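Raw contents of my_file01.csv, CSV, C-alpha atoms (C1' of nucleotides):
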chain,number,residue,atom,x,y,z
D,205,MET,CA,-11.2,-42.4,-16.1
D,206,GLN,CA,-8.5,-40.3,-17.7
D,207,PRO,CA,-5.8,-39.5,-15.2
D,208,ILE,CA,-4.5,-36.0,-15.3
D,209,ILE,CA,-1.6,-34.7,-13.3
D,210,THR,CA,-1.7,-31.1,-12.3
D,211,ILE,CA,1.4,-29.1,-11.2
D,212,LEU,CA,0.6,-25.7,-9.8
D,213,GLY,CA,2.2,-23.1,-7.6
D,214,PRO,CA,3.2,-19.4,-7.5
D,215,THR,CA,5.2,-17.8,-10.2
D,216,ALA,CA,8.9,-18.5,-10.5
D,217,ILE,CA,8.9,-21.6,-8.3
D,218,GLY,CA,10.0,-24.2,-10.8
D,219,LYS,CA,6.8,-25.7,-12.1
D,220,SER,CA,8.0,-26.1,-15.7
D,221,ARG,CA,11.2,-27.7,-14.7
D,222,LEU,CA,9.5,-30.3,-12.5
D,223,ALA,CA,6.9,-31.0,-15.2
D,224,ILE,CA,9.5,-31.8,-17.8
D,225,GLU,CA,11.3,-34.2,-15.5
D,226,LEU,CA,8.1,-36.0,-14.6
D,227,ALA,CA,6.8,-36.0,-18.2
D,228,LYS,CA,9.9,-37.7,-19.3
D,229,ARG,CA,9.4,-40.4,-16.8
D,230,PHE,CA,5.8,-41.1,-17.5
D,231,ASP,CA,5.6,-40.7,-21.2
D,232,GLY,CA,3.7,-37.4,-20.7
D,233,ILE,CA,2.8,-34.3,-22.5
D,234,ILE,CA,2.4,-30.8,-21.0
D,235,ILE,CA,-0.6,-28.6,-21.2
D,236,SER,CA,0.1,-25.1,-20.1
D,237,ALA,CA,-2.5,-23.5,-17.8
D,238,ASP,CA,-1.2,-20.0,-18.1
D,239,SER,CA,-3.4,-17.2,-19.3
D,240,ARG,CA,-0.5,-15.2,-20.8
D,241,GLN,CA,1.7,-17.8,-22.3
D,242,ILE,CA,-1.0,-18.5,-24.9
D,243,TYR,CA,0.2,-15.4,-26.7
D,244,LYS,CA,2.8,-15.4,-29.4
D,245,ASN,CA,5.6,-12.9,-29.1
D,246,PHE,CA,5.1,-12.6,-25.4
D,247,ASP,CA,7.9,-15.0,-24.3
D,248,ILE,CA,10.3,-13.5,-21.9
D,249,GLY,CA,7.7,-11.5,-20.0
D,250,SER,CA,5.4,-14.4,-19.6
D,251,GLY,CA,8.1,-16.8,-18.5
D,252,LYS,CA,7.6,-19.2,-21.4
D,253,ILE,CA,10.1,-22.0,-21.6
D,254,THR,CA,12.2,-22.3,-24.7
D,255,SER,CA,11.9,-25.1,-27.1
D,256,TYR,CA,15.4,-26.2,-25.9
D,257,GLU,CA,14.2,-26.5,-22.3
D,258,MET,CA,11.2,-28.5,-23.4
D,259,GLN,CA,13.5,-31.4,-24.1
D,260,GLU,CA,11.3,-33.0,-26.8
D,261,ILE,CA,8.3,-33.1,-24.5
D,262,GLN,CA,5.2,-32.1,-26.4
D,263,HIS,CA,3.7,-28.8,-25.1
D,264,TYR,CA,0.2,-27.6,-25.7
D,265,MET,CA,-1.6,-24.2,-25.2
D,266,LEU,CA,1.5,-22.1,-25.9
D,267,ASP,CA,1.5,-19.5,-28.7
D,268,ILE,CA,-2.1,-20.2,-29.7
D,269,ARG,CA,-3.2,-16.6,-30.0
D,270,GLU,CA,-1.9,-13.4,-31.6
D,271,LEU,CA,-1.3,-10.5,-29.3
D,272,TRP,CA,-4.2,-8.5,-30.4
D,273,GLN,CA,-6.7,-11.4,-30.0
D,274,ASP,CA,-8.7,-12.2,-26.9
D,275,TYR,CA,-9.0,-15.4,-24.9
D,276,ASN,CA,-10.9,-16.5,-21.8
D,277,VAL,CA,-11.7,-19.4,-19.5
D,278,ALA,CA,-14.4,-20.8,-21.6
D,279,GLU,CA,-12.2,-21.2,-24.6
D,280,PHE,CA,-9.5,-22.6,-22.4
D,281,GLN,CA,-11.8,-25.2,-21.1
D,282,LYS,CA,-13.0,-26.2,-24.5
D,283,ASP,CA,-9.5,-26.3,-26.0
D,284,VAL,CA,-8.0,-28.4,-23.2
D,285,ARG,CA,-10.9,-30.8,-23.1
D,286,GLN,CA,-10.3,-31.3,-26.8
D,287,ILE,CA,-6.6,-31.9,-26.4
D,288,ILE,CA,-7.2,-34.5,-23.7
D,289,LYS,CA,-9.9,-36.2,-25.7
D,290,GLU,CA,-7.6,-36.6,-28.6
D,291,LEU,CA,-4.8,-38.0,-26.4
D,292,LYS,CA,-6.9,-40.7,-24.9
D,293,ASP,CA,-6.1,-43.5,-27.3
D,294,LYS,CA,-2.5,-42.6,-27.4
D,295,LYS,CA,-1.9,-43.7,-23.8
D,296,THR,CA,0.0,-40.6,-22.9
D,297,LEU,CA,-0.2,-38.9,-19.5
D,298,PRO,CA,-1.3,-35.3,-19.6
D,299,PHE,CA,0.3,-32.8,-17.2
D,300,LEU,CA,-1.7,-29.6,-16.6
D,301,VAL,CA,1.0,-27.1,-15.6
D,302,GLY,CA,0.6,-23.5,-14.7
D,303,GLY,CA,-0.4,-20.8,-12.3
D,304,THR,CA,-3.7,-19.6,-13.5
D,305,GLY,CA,-6.0,-20.9,-10.8
D,306,LEU,CA,-9.2,-20.2,-12.6
D,307,TYR,CA,-8.1,-22.0,-15.7
D,308,ILE,CA,-7.0,-25.0,-13.8
D,309,GLU,CA,-10.2,-25.2,-11.8
D,310,SER,CA,-12.3,-24.9,-14.9
D,311,ILE,CA,-10.8,-28.2,-16.1
D,312,LEU,CA,-10.4,-30.2,-12.8
D,313,TYR,CA,-13.6,-29.1,-11.2
D,314,ASN,CA,-15.6,-29.3,-14.3
D,315,TYR,CA,-16.9,-25.7,-14.3
D,316,ASN,CA,-20.4,-25.4,-15.7
D,317,LEU,CA,-20.0,-22.1,-17.6
D,318,PRO,CA,-23.1,-20.3,-18.8
D,319,THR,CA,-23.5,-20.6,-22.6
D,320,ILE,CA,-23.8,-16.8,-22.8
D,321,ALA,CA,-20.7,-15.7,-24.6
D,322,VAL,CA,-18.9,-12.4,-24.5
D,323,ASN,CA,-20.9,-9.5,-26.0
D,324,SER,CA,-18.3,-7.0,-26.8
D,325,SER,CA,-20.6,-4.2,-28.0
D,326,LEU,CA,-22.6,-4.5,-24.8
D,327,ARG,CA,-19.4,-4.5,-22.8
D,328,THR,CA,-18.1,-1.4,-24.5
D,329,GLU,CA,-21.4,0.3,-23.8
D,330,LEU,CA,-21.5,-0.8,-20.1
D,331,SER,CA,-17.9,0.2,-19.5
D,332,LYS,CA,-19.0,3.8,-19.8
D,333,LEU,CA,-21.2,3.5,-16.8
D,334,ASN,CA,-19.9,4.0,-13.2
D,335,LYS,CA,-20.2,1.4,-10.5
D,336,VAL,CA,-23.5,2.6,-9.1
D,337,GLU,CA,-25.1,2.7,-12.5
D,338,LEU,CA,-24.0,-0.8,-13.2
D,339,GLN,CA,-25.3,-2.0,-9.8
D,340,ASN,CA,-28.7,-0.4,-10.6
D,341,LYS,CA,-28.8,-1.9,-14.0
D,342,LEU,CA,-28.1,-5.3,-12.6
D,343,LEU,CA,-30.8,-4.9,-9.9
D,344,GLU,CA,-33.3,-4.0,-12.6
D,345,LEU,CA,-32.5,-7.0,-14.8
D,346,SER,CA,-31.8,-9.5,-12.0
D,347,PRO,CA,-33.1,-8.5,-8.6
D,348,GLU,CA,-31.8,-11.6,-6.9
D,349,HIS,CA,-28.3,-11.6,-8.3
D,350,ASN,CA,-25.9,-13.7,-6.3
D,351,LEU,CA,-22.8,-11.4,-6.3
D,352,ASN,CA,-21.0,-11.3,-3.0
D,353,HIS,CA,-19.9,-8.1,-1.4
D,354,SER,CA,-16.5,-8.1,-3.1
D,355,ASP,CA,-18.0,-8.7,-6.6
D,356,TRP,CA,-20.8,-6.3,-6.1
D,357,ASN,CA,-18.2,-3.5,-6.1
D,358,ASN,CA,-16.3,-5.0,-9.0
D,359,PRO,CA,-17.2,-3.4,-12.4
D,360,VAL,CA,-15.8,-6.4,-14.3
D,361,ARG,CA,-18.0,-8.8,-12.5
D,362,LEU,CA,-21.0,-6.5,-12.6
D,363,ILE,CA,-20.7,-6.2,-16.4
D,364,ARG,CA,-20.5,-10.0,-16.7
D,365,ALA,CA,-23.6,-10.4,-14.5
D,366,ILE,CA,-25.5,-7.9,-16.6
D,367,GLU,CA,-24.4,-9.6,-19.7
D,368,ILE,CA,-25.9,-12.9,-18.5
D,369,ALA,CA,-29.0,-11.2,-17.3
D,370,GLN,CA,-29.4,-9.3,-20.5
D,371,ALA,CA,-29.3,-12.4,-22.6
D,372,LYS,CA,-32.8,-13.1,-21.3
D,373,THR,CA,-32.7,-16.7,-22.3
D,374,ILE,CA,-32.4,-19.1,-19.5
D,375,PRO,CA,-28.7,-19.5,-19.0
D,376,LEU,CA,-28.2,-23.0,-20.4
D,377,ILE,CA,-25.4,-24.8,-18.9
D,378,SER,CA,-22.7,-26.4,-21.1
D,379,ASN,CA,-22.3,-29.4,-18.9
D,380,GLN,CA,-20.3,-31.9,-20.7
D,381,ALA,CA,-19.1,-33.5,-17.6
D,382,ASN,CA,-15.6,-34.7,-18.2
D,383,SER,CA,-14.4,-37.8,-16.6
D,384,TYR,CA,-10.9,-36.9,-15.3
D,385,LYS,CA,-9.2,-38.3,-12.4
D,386,PRO,CA,-6.9,-35.6,-11.2
D,387,LEU,CA,-3.8,-35.6,-9.0
D,388,LEU,CA,-2.7,-32.2,-7.8
D,389,ILE,CA,0.8,-31.4,-7.0
D,390,GLY,CA,1.5,-28.0,-5.5
D,391,LEU,CA,4.9,-26.4,-5.2
D,392,THR,CA,5.5,-23.9,-2.4
D,393,THR,CA,8.2,-22.3,-0.3
D,394,SER,CA,8.6,-19.5,2.2
D,395,LEU,CA,7.7,-16.0,1.3
D,396,GLU,CA,11.3,-15.0,1.6
D,397,ASN,CA,12.3,-17.6,-0.9
D,398,ILE,CA,9.5,-16.6,-3.3
D,399,LYS,CA,10.7,-13.0,-3.1
D,400,LYS,CA,14.3,-14.1,-3.8
D,401,ASN,CA,13.3,-16.3,-6.7
D,402,ILE,CA,11.3,-13.5,-8.2
D,403,THR,CA,14.1,-11.1,-7.9
D,404,THR,CA,16.4,-13.5,-9.7
D,405,ARG,CA,13.9,-14.2,-12.4
D,406,VAL,CA,13.1,-10.5,-13.0
D,407,ASP,CA,16.8,-9.7,-13.3
D,408,ALA,CA,17.2,-12.5,-15.7
D,409,ARG,CA,14.2,-11.4,-17.8
D,410,LEU,CA,15.6,-7.9,-18.0
D,411,GLU,CA,18.9,-9.3,-19.1
D,412,GLN,CA,17.3,-11.5,-21.7
D,413,GLY,CA,15.6,-8.6,-23.4
D,414,ALA,CA,12.2,-8.1,-21.6
D,415,ILE,CA,12.4,-4.4,-22.4
D,416,ALA,CA,12.9,-4.9,-26.1
D,417,GLU,CA,10.1,-7.4,-26.1
D,418,VAL,CA,7.7,-4.9,-24.7
D,419,GLU,CA,8.8,-2.5,-27.4
D,420,ASN,CA,8.0,-5.1,-30.0
D,421,ILE,CA,4.7,-6.0,-28.5
D,422,LYS,CA,3.7,-2.3,-28.6
D,423,LYS,CA,4.7,-2.2,-32.3
D,424,ILE,CA,2.7,-5.2,-33.1
D,425,LEU,CA,-0.4,-4.0,-31.3
D,426,ALA,CA,-0.2,-0.5,-32.6
D,427,ASN,CA,-0.1,-2.0,-36.1
D,428,LYS,CA,-3.4,-3.8,-35.5
D,429,LEU,CA,-5.3,-1.7,-33.0
D,430,SER,CA,-6.3,1.8,-32.2
D,431,PRO,CA,-4.0,3.7,-29.7
D,432,ASP,CA,-6.7,3.3,-27.1
D,433,LEU,CA,-7.1,-0.5,-27.5
D,434,THR,CA,-3.3,-0.9,-27.8
D,435,PHE,CA,-2.9,0.6,-24.3
D,436,GLN,CA,-5.8,-1.5,-23.0
D,437,LYS,CA,-4.3,-4.6,-24.4
D,438,LEU,CA,-0.9,-3.8,-23.1
D,439,ALA,CA,-2.3,-3.4,-19.6
D,440,GLN,CA,-3.8,-6.9,-19.9
D,441,PHE,CA,-0.4,-8.5,-20.3
D,442,GLY,CA,0.3,-7.6,-16.7
D,443,LEU,CA,1.8,-5.1,-14.5
D,444,GLY,CA,5.3,-5.9,-15.6
D,445,THR,CA,4.5,-4.9,-19.1
D,446,MET,CA,3.0,-1.6,-18.0
D,447,ILE,CA,5.9,-0.9,-15.7
D,448,ILE,CA,8.4,-1.5,-18.5
D,449,ASN,CA,6.3,0.7,-20.7
D,450,GLN,CA,6.5,3.5,-18.2
D,451,TYR,CA,10.3,3.1,-18.3
D,452,LEU,CA,10.3,3.2,-22.1
D,453,GLU,CA,8.3,6.5,-21.9
D,454,GLY,CA,10.8,7.9,-19.5
D,455,LYS,CA,8.4,8.2,-16.6
D,456,ILE,CA,10.5,6.2,-14.2
D,457,ASN,CA,14.2,5.3,-14.1
D,458,TYR,CA,15.7,1.8,-14.5
D,459,GLU,CA,16.0,0.9,-10.9
D,460,GLY,CA,12.6,2.2,-10.1
D,461,MET,CA,11.2,0.1,-12.9
D,462,ARG,CA,13.1,-3.0,-11.6
D,463,GLN,CA,11.8,-2.5,-8.1
D,464,GLN,CA,8.2,-2.1,-9.2
D,465,TYR,CA,8.5,-5.1,-11.5
D,466,ILE,CA,9.7,-7.3,-8.7
D,467,GLN,CA,7.0,-6.0,-6.4
D,468,SER,CA,4.3,-6.6,-8.9
D,469,GLU,CA,5.4,-10.1,-9.5
D,470,TYR,CA,5.5,-10.7,-5.8
D,471,LYS,CA,2.0,-9.5,-5.4
D,472,TYR,CA,0.9,-11.7,-8.1
D,473,ALA,CA,2.5,-14.7,-6.4
D,474,ARG,CA,0.7,-13.8,-3.2
D,475,ARG,CA,-2.6,-13.7,-5.0
D,476,GLN,CA,-1.9,-17.1,-6.6
D,477,LEU,CA,-1.2,-18.5,-3.1
D,478,THR,CA,-4.5,-17.1,-1.8
D,479,TRP,CA,-6.3,-18.9,-4.6
D,480,PHE,CA,-4.5,-22.2,-4.1
D,481,ARG,CA,-5.0,-22.1,-0.4
D,482,ARG,CA,-8.7,-22.8,-0.8
D,483,MET,CA,-8.2,-25.8,-3.0
D,484,ASN,CA,-7.9,-28.5,-0.4
D,485,ASP,CA,-6.9,-31.5,-2.5
D,486,ILE,CA,-3.4,-30.3,-3.3
D,487,ASN,CA,-0.4,-32.4,-2.4
D,488,TRP,CA,2.0,-29.8,-1.4
D,489,PHE,CA,5.8,-30.1,-1.8
D,490,GLU,CA,8.6,-27.9,-0.7
D,491,ALA,CA,10.1,-26.5,-3.9
D,492,ASP,CA,13.6,-26.7,-2.7
D,493,ASP,CA,13.4,-30.3,-1.6
D,494,LYS,CA,16.3,-32.2,-3.0
D,495,ASN,CA,14.2,-35.2,-3.4
D,496,LEU,CA,11.3,-33.4,-5.1
D,497,ILE,CA,11.5,-35.3,-8.3
D,498,ALA,CA,11.8,-38.7,-6.5
D,499,LYS,CA,8.9,-37.9,-4.2
D,500,THR,CA,6.5,-36.6,-6.8
D,501,ASN,CA,7.5,-39.5,-9.1
D,502,LEU,CA,6.5,-41.9,-6.4
D,503,LEU,CA,3.3,-40.1,-5.7
D,504,ILE,CA,2.3,-40.3,-9.4
D,505,ALA,CA,3.3,-44.0,-9.7
D,506,ASP,CA,1.1,-44.8,-6.7
D,507,PHE,CA,-1.7,-42.8,-8.1
D,508,LEU,CA,-1.6,-44.5,-11.5
D,509,ARG,CA,-1.4,-47.9,-10.0
D,510,LEU,CA,-4.4,-47.1,-7.8
D,511,LYS,CA,-6.3,-45.8,-10.7
D,512,SER,CA,-6.2,-49.0,-12.8
G,276,G,C1',28.9,30.5,18.8
G,277,G,C1',24.3,33.3,16.9
G,278,C,C1',19.7,33.1,13.9
G,279,U,C1',15.9,30.6,11.0
G,280,C,C1',13.1,26.4,9.4
G,281,C,C1',11.6,21.3,10.0
G,282,A,C1',10.5,16.6,12.8
G,283,U,C1',3.4,12.7,11.3
G,284,G,C1',2.2,5.0,11.1
G,285,G,C1',7.1,0.6,6.6
G,286,C,C1',7.2,4.8,2.7
G,287,C,C1',4.8,9.2,0.5
G,288,G,C1',1.6,12.8,2.4
G,289,A,C1',-2.8,16.2,4.3
G,290,G,C1',-4.1,18.3,8.8
G,291,A,C1',-2.6,25.1,11.7
G,292,A,C1',-7.3,22.8,19.4
G,293,G,C1',-12.5,19.2,19.6
G,294,U,C1',-14.6,12.3,14.9
G,295,U,C1',-10.4,7.6,12.1
G,296,A,C1',-7.5,12.4,5.9
G,297,G,C1',-5.8,9.9,1.8
G,298,G,C1',-2.3,7.0,-1.4
G,299,C,C1',1.3,3.1,-1.8
G,300,A,C1',3.6,-1.1,0.5
G,301,C,C1',2.8,-5.2,4.0
G,302,G,C1',-0.9,-8.9,5.8
G,303,G,C1',-5.8,-11.4,5.0
G,304,G,C1',-9.8,-12.4,1.5
G,305,U,C1',-13.3,-12.8,-3.0
G,306,C,C1',-13.3,-15.5,-7.5
G,307,U,C1',-17.6,-20.0,-13.0
G,308,G,C1',-16.3,-16.2,-20.3
G,309,C,C1',-10.7,-9.9,-19.6
G,310,A,C1',-8.1,-13.8,-13.9
G,311,A,C1',-0.3,-11.6,-14.4
G,312,A,C1',-7.1,-8.8,-14.4
G,313,A,C1',-10.7,-6.6,-11.2
G,314,C,C1',-12.6,-6.1,-6.4
G,315,C,C1',-13.2,-6.4,-0.7
G,316,C,C1',-11.1,-6.2,4.4
G,317,U,C1',-7.1,-4.8,7.5
G,318,C,C1',-2.8,-1.6,9.6
G,319,U,C1',-5.2,4.3,14.4
G,320,A,C1',0.7,7.6,13.7
G,321,C,C1',2.0,12.3,15.2
G,322,A,C1',10.6,12.7,18.0
G,323,G,C1',11.1,13.0,23.8
G,324,C,C1',9.8,15.6,28.3
G,325,G,C1',7.2,19.3,30.8
G,326,G,C1',3.5,23.4,30.6
G,327,U,C1',-1.2,26.2,29.2
G,328,G,C1',-6.4,24.7,28.0
G,329,C,C1',-12.6,21.1,29.6
G,330,G,C1',-9.7,19.3,25.5
G,331,A,C1',-3.0,19.5,21.8
G,332,G,C1',0.1,16.5,15.8
G,333,U,C1',-2.3,21.3,16.1
G,334,C,C1',-0.3,26.8,21.3
G,335,C,C1',4.3,27.7,24.9
G,336,G,C1',9.2,26.0,26.9
G,337,C,C1',13.2,22.7,27.2
G,338,U,C1',15.8,18.3,25.1
G,339,U,C1',17.2,15.3,20.9
G,340,G,C1',17.7,14.8,15.6
G,341,G,C1',17.8,17.0,10.6
G,342,A,C1',18.2,21.4,6.9
G,343,G,C1',19.8,26.2,5.9
G,344,C,C1',21.9,31.1,6.9
G,345,C,C1',25.3,34.4,9.5
G,346,U,C1',30.2,35.8,12.1
Output the structure of this file as structure tokens.
Amino acid sequence: MQPIITILGPTAIGKSRLAIELAKRFDGIIISADSRQIYKNFDIGSGKITSYEMQEIQHYMLDIRELWQDYNVAEFQKDVRQIIKELKDKKTLPFLVGGTGLYIESILYNYNLPTIAVNSSLRTELSKLNKVELQNKLLELSPEHNLNHSDWNNPVRLIRAIEIAQAKTIPLISNQANSYKPLLIGLTTSLENIKKNITTRVDARLEQGAIAEVENIKKILANKLSPDLTFQKLAQFGLGTMIINQYLEGKINYEGMRQQYIQSEYKYARRQLTWFRRMNDINWFEADDKNLIAKTNLLIADFLRLKS
RNA sequence: GGCUCCAUGGCCGAGAAGUUAGGCACGGGUCUGCAAAACCCUCUACAGCGGUGCGAGUCCGCUUGGAGCCU
């Protein structure tokens, strides 16, 4: 079975740095599991590492889409499976590194995603309906839907459920069971440290030109999309982008923008932790541990020996 | 020294006698094709003391703290 090392954790905790060090030691390559870093021209804001920082380690799943294009889990799953498949004979060790829990699980837990693809015209139509209308429509099409209380109130999930129900065909499952043997390494630290790291990182981003980057993103999007879609797309790149945009439009001052940016990143980190908490096969490490590299190195060595 | 106004939970903010406003933040959670998204749950406060009411953030008095005006 193909071993695959996963490094996950909340934002700004040092996943990339650790991944590079370990990849160097194990003849590895890095597959990014980050839903934003797939976009070109969104570098500073998404925390993408520079080619200098990559230190010759091959990276995949970065810059694979233009800003105006869409992407989703199903595509991610397909793309990553393909990458790993092609590696197999090369004897290299893949490191799946990132903070997008859904994307990571889709690979490691072998998600069986329905074959029903996104129907954008249907989505546009459904997005005009309010929550109750969506709920009624779903009940009509699929009386015994399995949405939980939280999702039942979530327009995004309701629309997807309707999309599946609407397809009428029996949702075939694309079950190409992969045969990966995963090892999960999780990086964590106290909430205070996370907050501190995020503050440092946000300040660094602002210094490196995060604001100019958002201006550029707006320009690129506006060139390709309608004003409406441009705004929608901009929102998709995360709160940080929206907050900087508000600053650019003069709606908030610099310090207010900075504070909100930090706060939104922190909230994101909390949500990531909530997600990872339920994955119970993670080997957790303290991010500040001086022996982090040695310890994880040992864990991987044992894991690989065990595997063969 | 005199007069006037204000004082609500971490923050913003409604409420002028009779359920718990609400928003944001914090904390917890959901998650199988937008996931840095979207959604769910949770936090019961009225500056202090006394009084009048069956009943007081809501009326009266005093105290404390803040804002303004006057000599």
Output as JSON lines one row per residue of chain G within 9 Å of chain D: the closest atom pair and its distance in Å to one decimal place, counting all atoms listed in the file, sorted by chain and residue number ascending.
{"residue": "G:G303", "atom": "C1'", "partner": "D:Thr478", "partner_atom": "CA", "distance": 9.0}
{"residue": "G:G304", "atom": "C1'", "partner": "D:Thr478", "partner_atom": "CA", "distance": 7.8}
{"residue": "G:U305", "atom": "C1'", "partner": "D:Ser354", "partner_atom": "CA", "distance": 5.7}
{"residue": "G:C306", "atom": "C1'", "partner": "D:Leu306", "partner_atom": "CA", "distance": 8.1}
{"residue": "G:U307", "atom": "C1'", "partner": "D:Leu317", "partner_atom": "CA", "distance": 5.6}
{"residue": "G:G308", "atom": "C1'", "partner": "D:Ala278", "partner_atom": "CA", "distance": 5.1}
{"residue": "G:C309", "atom": "C1'", "partner": "D:Asn276", "partner_atom": "CA", "distance": 7.0}
{"residue": "G:A310", "atom": "C1'", "partner": "D:Leu306", "partner_atom": "CA", "distance": 6.6}
{"residue": "G:A311", "atom": "C1'", "partner": "D:Gly442", "partner_atom": "CA", "distance": 4.7}
{"residue": "G:A312", "atom": "C1'", "partner": "D:Gln440", "partner_atom": "CA", "distance": 6.7}
{"residue": "G:A313", "atom": "C1'", "partner": "D:Val360", "partner_atom": "CA", "distance": 6.0}
{"residue": "G:C314", "atom": "C1'", "partner": "D:Asn358", "partner_atom": "CA", "distance": 4.7}
{"residue": "G:C315", "atom": "C1'", "partner": "D:Ser354", "partner_atom": "CA", "distance": 4.4}
Worksheet item: Hey, which of G:U294, G:C281, G:C324, G:U319 ends up closest to U339 (chain G)? Count all atoms listed in the file.
Response: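 Counting all atoms listed in the file, the residue closest to U339 (chain G) is G:C324.
Here C1' of G343 (chain G) stands at a distance of 7.8 Å from C1' of U279 (chain G).
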Discussion item. For Leu333 (chain D), find every residue with an atom within 12 Å (counting all atoms listed in the file), except residues of its own chain fewer than 4 positions away, and show them as a PyMOL selection string.
Written reply: chain D and resi 326-329+337-342+359-360+362-363
Discussion item. I'd like the interatomic distance between CA of Ala237 (chain D) and CA of Thr210 (chain D), to a tenth of an Å.
Written reply: 9.4 Å
Worksheet entry | Nearest-residue call for Ala223 (chain D), choices D:Ile486, D:Ile497, D:Ile448, D:Leu266, using only C-alpha atoms |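 Looking only at the distances to Ala223 (chain D), the closest residue turns out to be D:Ile497.
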Worksheet item: Leaving out region 391-406 of chain D and any residue of its chain fewer than 4 positions from it, which residues lie within 9 Å of it when counting all atoms listed in the file, given as a PyMOL selection string?
Response: chain D and resi 211-219+249+251+410-411+414+462-463+465-467+469-470+473-474+477+487-492
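The coordinates place C1' of G325 (chain G) at 22.9 Å from C1' of G341 (chain G).
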Need the shell around C278 (chain G): protein/DNA/RNA residues with any atom at most 12 Å away, counting only C-alpha atoms (C1' of nucleotides). Skip same-chain ones fewer than 6 positions apart. Format as a compact mmCIF listing (two decimals) with C-alpha atoms (C1' of nucleotides), in the frame of the given file?
# COMPACT_ATOMS: atom_id res chain seq x y z
C1' G G 343 19.80 26.20 5.90
C1' C G 344 21.90 31.10 6.90
C1' C G 345 25.30 34.40 9.50
C1' U G 346 30.20 35.80 12.10
Item to complete: Could you tell me which of D:Leu387, D:Leu438, D:Ile415, D:Ala227 comes closest to Asp506 (chain D) if we count all atoms listed in the file?
Response: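 The shortest atom-to-atom distance to Asp506 (chain D) comes from D:Leu387.
Every protein or nucleic acid residue with an atom no more than 8 Å from G330 (chain G), counting only C-alpha atoms (C1' of nucleotides) and leaving out same-chain residues fewer than 2 positions away, appears here: A292, G293 and G328 of chain G.
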Fill in: Long-range neighbours of region 320-322 of chain G as a ChimeraX atom specification, 8 Å cut-off, only C-alpha atoms (C1' of nucleotides), 6 positions minimum in chain
/G:282-284,332,339-340
Practice prompt. Pull the neighbourhood of (-7.5, 8.2, -3.0) for me: all residues within 12 Å in file coordinates, counting only C-alpha atoms (C1' of nucleotides), as a list in words.
Written response: G288, A289, A296, G297, G298 and C299 of chain G
Prev. selection, C-alpha atoms (C1' of nucleotides), output as a PDB file, keeping the file's coordinate frame:
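out.pdb, written as the output of this step:
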ATOM      1  C1'   G G 288       1.600  12.800   2.400  1.00  0.00           C
ATOM      2  C1'   A G 289      -2.800  16.200   4.300  1.00  0.00           C
ATOM      3  C1'   A G 296      -7.500  12.400   5.900  1.00  0.00           C
ATOM      4  C1'   G G 297      -5.800   9.900   1.800  1.00  0.00           C
ATOM      5  C1'   G G 298      -2.300   7.000  -1.400  1.00  0.00           C
ATOM      6  C1'   C G 299       1.300   3.100  -1.800  1.00  0.00           C
TER       7        C G 299
END
Worksheet item: Closest to Val301 (chain D) among D:Met483, D:Ile368, D:Leu226, D:Ile421, using only C-alpha atoms?
Response: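 Closest to Val301 (chain D), using only C-alpha atoms: D:Leu226.
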Fill in: Distance criterion (all atoms listed in the file): nearest to Val284 (chain D) out of D:Ser236, D:Asn427, D:Thr434, D:Gln450
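Between D:Ser236, D:Asn427, D:Thr434, D:Gln450, the residue approaching Val284 (chain D) most closely is D:Ser236.
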As a PDB file, keeping the file's coordinate frame, please: region 470-479 of chain D completed to N, CA and C atoms.
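Result file rebuild.pdb:
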ATOM      1  N   TYR D 470       5.703 -10.188  -7.138  1.00  0.00           N
ATOM      2  CA  TYR D 470       5.500 -10.700  -5.800  1.00  0.00           C
ATOM      3  C   TYR D 470       4.048 -10.687  -5.397  1.00  0.00           C
ATOM      4  N   LYS D 471       3.425  -9.574  -5.687  1.00  0.00           N
ATOM      5  CA  LYS D 471       2.000  -9.500  -5.400  1.00  0.00           C
ATOM      6  C   LYS D 471       1.192 -10.505  -6.129  1.00  0.00           C
ATOM      7  N   TYR D 472       1.593 -10.736  -7.351  1.00  0.00           N
ATOM      8  CA  TYR D 472       0.900 -11.700  -8.100  1.00  0.00           C
ATOM      9  C   TYR D 472       1.071 -13.121  -7.487  1.00  0.00           C
ATOM     10  N   ALA D 473       2.278 -13.412  -7.044  1.00  0.00           N
ATOM     11  CA  ALA D 473       2.500 -14.700  -6.400  1.00  0.00           C
ATOM     12  C   ALA D 473       1.653 -14.843  -5.141  1.00  0.00           C
ATOM     13  N   ARG D 474       1.503 -13.763  -4.410  1.00  0.00           N
ATOM     14  CA  ARG D 474       0.700 -13.800  -3.200  1.00  0.00           C
ATOM     15  C   ARG D 474      -0.791 -14.120  -3.555  1.00  0.00           C
ATOM     16  N   ARG D 475      -1.251 -13.495  -4.621  1.00  0.00           N
ATOM     17  CA  ARG D 475      -2.600 -13.700  -5.000  1.00  0.00           C
ATOM     18  C   ARG D 475      -2.814 -15.187  -5.474  1.00  0.00           C
ATOM     19  N   GLN D 476      -1.805 -15.710  -6.137  1.00  0.00           N
ATOM     20  CA  GLN D 476      -1.900 -17.100  -6.600  1.00  0.00           C
ATOM     21  C   GLN D 476      -1.985 -18.015  -5.334  1.00  0.00           C
ATOM     22  N   LEU D 477      -1.165 -17.728  -4.322  1.00  0.00           N
ATOM     23  CA  LEU D 477      -1.200 -18.500  -3.100  1.00  0.00           C
ATOM     24  C   LEU D 477      -2.553 -18.468  -2.433  1.00  0.00           C
ATOM     25  N   THR D 478      -3.136 -17.288  -2.424  1.00  0.00           N
ATOM     26  CA  THR D 478      -4.500 -17.100  -1.800  1.00  0.00           C
ATOM     27  C   THR D 478      -5.465 -18.035  -2.560  1.00  0.00           C
ATOM     28  N   TRP D 479      -5.344 -18.052  -3.861  1.00  0.00           N
ATOM     29  CA  TRP D 479      -6.300 -18.900  -4.600  1.00  0.00           C
ATOM     30  C   TRP D 479      -6.048 -20.377  -4.314  1.00  0.00           C
TER      31      TRP D 479
END
